Amino acid sequence: MQKDWNPESYLAFADLRQRPALDLLTSIPAVPQGDIVDLGCGAGTIGAELAARFPGQRLIGLDSSAAMLETAGRAAAYDRLEQADIATWTPARRPALIYSNAVLQWLPEHGQLLPRLLGELVPGGVLAVQMPRQQEAPAQRILREVAAALFPERFDWSSWHSPVAAPEDYAALLDPLGTLLLWETEYFQRLEPSSEGHPVRLFSQSTAARPILEKLDEAEAEAYLADCDAELAQAYPTRADGSVFYPFRRLFFTLGKSG
């Protein structure tokens with residue numbers, strides 16, 4: 001299966017993915033002068049809003065995916081786009097804001113990563129982060145269990161643990177480091193009916209299911225997705241019109257660096 005991100009598949013649910021991005025953006029306090037970094041900018045869907053919120057400050061979009069950066073470039077919202085690995089990225093000059101929407105859940109060791117990112121900011125700068133905290137929800141559990149049942153030699157989740165910790169763990173880590181605002185929101189997302197599969201599977205296919213699908217060939221992926229559809233139909237029954245209300249939990253914080 002495709003190794004890089006699929007912007008078209010990801011953007012099929014752009015409106016639902018944009019809501020938490022905007023909720024994070026509107027909660028950012030005033031920042032000093034300096035660059036604005038959209039860390040993990042993806043297809044650039046929040047670029048125009050970031051540029052409007054921080055006029056006159058250079059906007060940099062950074063992502064590891066060439067396909068996503070190509071799509072982000074068409075939006076013409078960024079002053080600069082960079083391809084880089086977030087885990088090892090360091091800015092050429094210290095930014096005023098690092099904004100990271102639905103990205104850092106892909107990276108481990110938040111106890112080291114988040115203080116490091118805060119340290120890259122100018123004094124008074126802000127680290128703003130949103131991460132799905134959905135990894136133990138029924139949908140994600142089904143994605144893992146079906147993969148292990150069909151392909152046990154490739155998928156062993158016995159030592160798996162969620163990459164996103166509980167809010168109290170982030171509070172304990174981050175509150176000593178600066179001015180912290182931390183909250184959690186559960187969105188009840190309406191997913192429209194589709195003839196292509198269960199709505200929850202279609203929503204998850206380009207994100208949570210991606211690390212599984214990239215290890216499967218086309219025939220294996222087809223079998224896997226069909227079994228996921230069957231299991232998800234039990235966990236998330238469709239309504240009379242074929243739609244589903246899908247609860248989706250997300251964790252947010254803004255952290256201001258002492259100046």
# chains A, B, ... in the order shown; residues from 1 in each chain; ligands from 1
>>> closest_atom_pairs(of="segment 152-217 of chain A", to="segment 226-250 of chain A", cutoff="9 Å", atoms="only C-alpha atoms", output="Markdown table")
| residue | atom | partner | partner_atom | distance |
| --- | --- | --- | --- | --- |
| A:Trp183 | CA | A:Arg250 | CA | 8.7 |
| A:Glu184 | CA | A:Arg250 | CA | 5.7 |
| A:Thr185 | CA | A:Arg250 | CA | 5.4 |
| A:Glu186 | CA | A:Arg249 | CA | 4.1 |
| A:Tyr187 | CA | A:Phe248 | CA | 5.1 |
| A:Phe188 | CA | A:Pro247 | CA | 4.4 |
| A:Gln189 | CA | A:Tyr246 | CA | 5.0 |
| A:Arg190 | CA | A:Phe245 | CA | 4.5 |
| A:Leu191 | CA | A:Val244 | CA | 5.2 |
| A:Glu192 | CA | A:Ser243 | CA | 4.6 |
| A:Pro193 | CA | A:Ser243 | CA | 4.6 |
| A:Ser194 | CA | A:Gly242 | CA | 7.6 |
| A:Gly197 | CA | A:Asp229 | CA | 6.3 |
| A:His198 | CA | A:Asp229 | CA | 5.3 |
| A:Pro199 | CA | A:Val244 | CA | 6.8 |
| A:Val200 | CA | A:Tyr246 | CA | 7.1 |
| A:Arg201 | CA | A:Asp229 | CA | 6.4 |
>>> residues_around(residues="segment 147-160 of chain A", least_positions_apart="5", cutoff="9 Å", atoms="only C-alpha atoms", output="mmCIF file with N, CA, C and O atoms, in the first residue's frame")
data_model
loop_
_atom_site.group_PDB
_atom_site.id
_atom_site.type_symbol
_atom_site.label_atom_id
_atom_site.label_comp_id
_atom_site.auth_asym_id
_atom_site.auth_seq_id
_atom_site.Cartn_x
_atom_site.Cartn_y
_atom_site.Cartn_z
ATOM 1 N N ILE A 142 -10.541 -1.919 17.413
ATOM 2 C CA ILE A 142 -10.944 -2.824 16.336
ATOM 3 C C ILE A 142 -9.903 -2.843 15.217
ATOM 4 O O ILE A 142 -9.561 -3.907 14.683
ATOM 5 N N ILE A 212 -1.037 0.429 9.654
ATOM 6 C CA ILE A 212 -1.359 -0.964 9.366
ATOM 7 C C ILE A 212 -1.417 -1.188 7.860
ATOM 8 O O ILE A 212 -0.802 -2.114 7.321
ATOM 9 N N LYS A 215 1.621 -1.799 5.564
ATOM 10 C CA LYS A 215 2.304 -3.088 5.649
ATOM 11 C C LYS A 215 1.579 -4.192 4.878
ATOM 12 O O LYS A 215 1.994 -5.350 4.918
ATOM 13 N N GLU A 220 -4.553 -7.971 0.603
ATOM 14 C CA GLU A 220 -4.613 -8.033 2.062
ATOM 15 C C GLU A 220 -5.365 -6.837 2.627
ATOM 16 O O GLU A 220 -6.171 -6.968 3.564
ATOM 17 N N ALA A 223 -9.143 -7.291 2.254
ATOM 18 C CA ALA A 223 -9.693 -8.210 3.250
ATOM 19 C C ALA A 223 -9.737 -7.558 4.628
ATOM 20 O O ALA A 223 -10.723 -7.706 5.369
ATOM 21 N N TYR A 224 -8.676 -6.849 4.950
ATOM 22 C CA TYR A 224 -8.605 -6.169 6.251
ATOM 23 C C TYR A 224 -9.723 -5.133 6.393
ATOM 24 O O TYR A 224 -10.429 -5.101 7.412
ATOM 25 N N CYS A 228 -12.839 -4.952 9.058
ATOM 26 C CA CYS A 228 -13.022 -3.768 9.905
ATOM 27 C C CYS A 228 -14.436 -3.223 9.762
ATOM 28 O O CYS A 228 -15.075 -2.858 10.758
#
>>> atom_distance(atom1="atom CA of Phe253 of chain A", atom2="atom CA of Leu39 of chain A")
14.7 Å
>>> closest_atom_pairs(of="segment 17-45 of chain A", to="segment 55-79 of chain A", cutoff="8 Å", atoms="only C-alpha atoms", output="tab-separated table")
residue	atom	partner	partner_atom	distance
A:Gln33	CA	A:Gln57	CA	6.9
A:Gly34	CA	A:Gln57	CA	6.2
A:Asp35	CA	A:Arg58	CA	4.9
A:Ile36	CA	A:Leu59	CA	4.8
A:Val37	CA	A:Ile60	CA	4.8
A:Asp38	CA	A:Gly61	CA	4.8
A:Leu39	CA	A:Leu62	CA	5.2
A:Gly40	CA	A:Asp63	CA	4.5
A:Cys41	CA	A:Gly61	CA	5.3
A:Gly42	CA	A:Met68	CA	5.0
A:Ala43	CA	A:Ala72	CA	4.4
A:Gly44	CA	A:Ala72	CA	4.2
A:Thr45	CA	A:Ala72	CA	7.3
>>> write_last_selection(atoms="N, CA, C and O atoms", output="tab-separated table (two decimals), in the first residue's frame")
chain	number	residue	atom	x	y	z
A	33	GLN	N	6.92	39.01	18.60
A	33	GLN	CA	7.32	38.98	17.19
A	33	GLN	C	8.23	37.79	16.94
A	33	GLN	O	8.99	37.36	17.81
A	34	GLY	N	8.15	37.27	15.74
A	34	GLY	CA	8.97	36.11	15.37
A	34	GLY	C	8.19	35.21	14.44
A	34	GLY	O	7.03	35.44	14.13
A	35	ASP	N	8.84	34.16	14.00
A	35	ASP	CA	8.22	33.24	13.06
A	35	ASP	C	7.08	32.46	13.70
A	35	ASP	O	7.09	32.16	14.91
A	36	ILE	N	6.10	32.09	12.87
A	36	ILE	CA	5.01	31.21	13.25
A	36	ILE	C	5.25	29.89	12.52
A	36	ILE	O	5.34	29.86	11.30
A	37	VAL	N	5.37	28.80	13.26
A	37	VAL	CA	5.66	27.50	12.67
A	37	VAL	C	4.44	26.60	12.80
A	37	VAL	O	3.95	26.35	13.91
A	38	ASP	N	3.94	26.15	11.66
A	38	ASP	CA	2.87	25.15	11.62
A	38	ASP	C	3.56	23.79	11.54
A	38	ASP	O	3.94	23.34	10.46
A	39	LEU	N	3.73	23.17	12.70
A	39	LEU	CA	4.55	21.96	12.82
A	39	LEU	C	3.70	20.74	12.49
A	39	LEU	O	2.81	20.37	13.25
A	40	GLY	N	3.99	20.13	11.35
A	40	GLY	CA	3.13	19.07	10.85
A	40	GLY	C	1.95	19.69	10.12
A	40	GLY	O	0.80	19.38	10.39
A	41	CYS	N	2.26	20.56	9.18
A	41	CYS	CA	1.22	21.37	8.53
A	41	CYS	C	0.31	20.56	7.64
A	41	CYS	O	-0.79	21.00	7.29
A	42	GLY	N	0.72	19.34	7.26
A	42	GLY	CA	-0.11	18.51	6.42
A	42	GLY	C	-0.45	19.20	5.11
A	42	GLY	O	0.40	19.80	4.46
A	43	ALA	N	-1.73	19.16	4.75
A	43	ALA	CA	-2.20	19.75	3.50
A	43	ALA	C	-2.37	21.26	3.58
A	43	ALA	O	-2.82	21.88	2.62
A	44	GLY	N	-2.02	21.85	4.72
A	44	GLY	CA	-2.06	23.30	4.85
A	44	GLY	C	-3.44	23.88	5.09
A	44	GLY	O	-3.68	25.06	4.84
A	45	THR	N	-4.33	23.08	5.65
A	45	THR	CA	-5.72	23.53	5.79
A	45	THR	C	-5.90	24.66	6.80
A	45	THR	O	-6.89	25.38	6.75
>>> select_by_dssp(residues="segment 68-225 of chain A", states="strand (DSSP E or B)", output="MDAnalysis selection string")
chainID A and resid 80:83 97:101 126:132 178:191
>>> write_last_selection(atoms="N, CA and C atoms", output="CSV table (one decimal), in the first residue's frame")
chain,number,residue,atom,x,y,z
A,80,ARG,N,7.1,29.9,3.7
A,80,ARG,CA,8.1,28.9,3.5
A,80,ARG,C,7.5,27.6,3.8
A,81,LEU,N,7.9,26.5,3.0
A,81,LEU,CA,7.5,25.2,3.4
A,81,LEU,C,8.8,24.3,3.5
A,82,GLU,N,8.9,23.5,4.5
A,82,GLU,CA,10.0,22.7,4.7
A,82,GLU,C,9.7,21.2,4.9
A,83,GLN,N,10.4,20.3,4.3
A,83,GLN,CA,10.2,18.9,4.6
A,83,GLN,C,11.3,18.5,5.6
A,97,LEU,N,5.9,31.1,17.8
A,97,LEU,CA,4.8,30.2,18.1
A,97,LEU,C,5.1,28.9,17.3
A,98,ILE,N,5.0,27.8,18.0
A,98,ILE,CA,5.0,26.4,17.4
A,98,ILE,C,3.6,25.9,17.6
A,99,TYR,N,2.9,25.8,16.5
A,99,TYR,CA,1.5,25.3,16.4
A,99,TYR,C,1.5,23.9,15.9
A,100,SER,N,1.0,23.0,16.6
A,100,SER,CA,1.0,21.6,16.2
A,100,SER,C,-0.4,20.9,16.4
A,101,ASN,N,-1.1,20.7,15.3
A,101,ASN,CA,-2.4,20.2,15.3
A,101,ASN,C,-2.4,18.7,14.8
A,126,VAL,N,5.0,30.7,22.5
A,126,VAL,CA,3.9,29.7,22.9
A,126,VAL,C,4.1,28.4,22.0
A,127,LEU,N,3.9,27.3,22.8
A,127,LEU,CA,3.8,26.0,22.1
A,127,LEU,C,2.3,25.6,22.2
A,128,ALA,N,1.6,25.4,21.1
A,128,ALA,CA,0.2,25.1,21.1
A,128,ALA,C,0.0,23.8,20.4
A,129,VAL,N,-0.6,22.8,21.1
A,129,VAL,CA,-0.7,21.4,20.7
A,129,VAL,C,-2.1,20.9,20.8
A,130,GLN,N,-2.5,20.2,19.8
A,130,GLN,CA,-3.7,19.3,19.8
A,130,GLN,C,-3.4,17.9,19.4
A,131,MET,N,-3.8,16.9,20.2
A,131,MET,CA,-3.6,15.5,19.8
A,131,MET,C,-4.9,14.7,20.0
A,132,PRO,N,-5.2,13.9,19.1
A,132,PRO,CA,-6.3,12.9,19.4
A,132,PRO,C,-5.9,12.0,20.6
A,178,GLY,N,6.1,26.5,32.4
A,178,GLY,CA,5.6,27.8,31.8
A,178,GLY,C,4.1,28.0,32.2
A,179,THR,N,3.5,28.9,31.4
A,179,THR,CA,2.1,29.2,31.7
A,179,THR,C,1.2,28.2,30.9
A,180,LEU,N,0.5,27.3,31.6
A,180,LEU,CA,-0.2,26.2,30.9
A,180,LEU,C,-1.7,26.4,30.9
A,181,LEU,N,-2.3,26.2,29.8
A,181,LEU,CA,-3.7,26.0,29.7
A,181,LEU,C,-4.0,24.7,29.0
A,182,LEU,N,-4.7,23.8,29.7
A,182,LEU,CA,-4.8,22.4,29.2
A,182,LEU,C,-6.3,22.0,29.3
A,183,TRP,N,-6.8,21.4,28.3
A,183,TRP,CA,-8.2,20.9,28.3
A,183,TRP,C,-8.4,19.7,27.4
A,184,GLU,N,-9.5,19.1,27.5
A,184,GLU,CA,-9.9,18.0,26.7
A,184,GLU,C,-11.3,18.2,26.2
A,185,THR,N,-11.6,17.8,24.9
A,185,THR,CA,-12.9,17.9,24.3
A,185,THR,C,-13.3,16.6,23.6
A,186,GLU,N,-14.5,16.2,23.8
A,186,GLU,CA,-15.0,15.1,23.0
A,186,GLU,C,-16.0,15.6,22.0
A,187,TYR,N,-15.7,15.4,20.7
A,187,TYR,CA,-16.5,15.8,19.6
A,187,TYR,C,-17.5,14.7,19.2
A,188,PHE,N,-18.7,15.0,19.1
A,188,PHE,CA,-19.7,14.0,18.6
A,188,PHE,C,-19.8,14.3,17.1
A,189,GLN,N,-19.0,13.6,16.3
A,189,GLN,CA,-18.9,13.9,14.9
A,189,GLN,C,-19.9,13.1,14.1
A,190,ARG,N,-20.7,13.8,13.3
A,190,ARG,CA,-21.6,13.1,12.4
A,190,ARG,C,-20.9,12.7,11.1
A,191,LEU,N,-20.8,11.4,10.9
A,191,LEU,CA,-20.2,10.9,9.7
A,191,LEU,C,-21.2,10.5,8.7
>>> select_by_dssp(residues="segment 29-175 of chain A", states="helix (DSSP H, G or I)", output="MDAnalysis selection string")
chainID A and resid 47:53 66:74 104:106 110:119 138:150 167:175
>>> closest_residue(among="A:Leu16, A:Leu255, A:Leu225, A:Leu202", to="Pro115 of chain A", atoms="only C-alpha atoms")
A:Leu255
>>> closest_residue(among="A:Arg94, A:Lys257, A:Arg141, A:Arg17", to="Ala209 of chain A", atoms="only C-alpha atoms")
A:Arg141
>>> closest_atom_pairs(of="segment 22-122 of chain A", to="segment 164-168 of chain A", cutoff="10 Å", atoms="only C-alpha atoms", output="Markdown table")
| residue | atom | partner | partner_atom | distance |
| --- | --- | --- | --- | --- |
| A:Leu104 | CA | A:Val164 | CA | 8.6 |
| A:Gln105 | CA | A:Val164 | CA | 5.9 |
| A:Trp106 | CA | A:Val164 | CA | 9.0 |
| A:Leu107 | CA | A:Val164 | CA | 9.2 |
| A:Pro108 | CA | A:Val164 | CA | 8.7 |
| A:Glu109 | CA | A:Val164 | CA | 9.7 |
| A:His110 | CA | A:Val164 | CA | 8.3 |
>>> closest_residue(among="A:Leu143, A:Leu25, A:Leu117, A:Val103", to="Arg210 of chain A", atoms="only C-alpha atoms")
A:Leu143
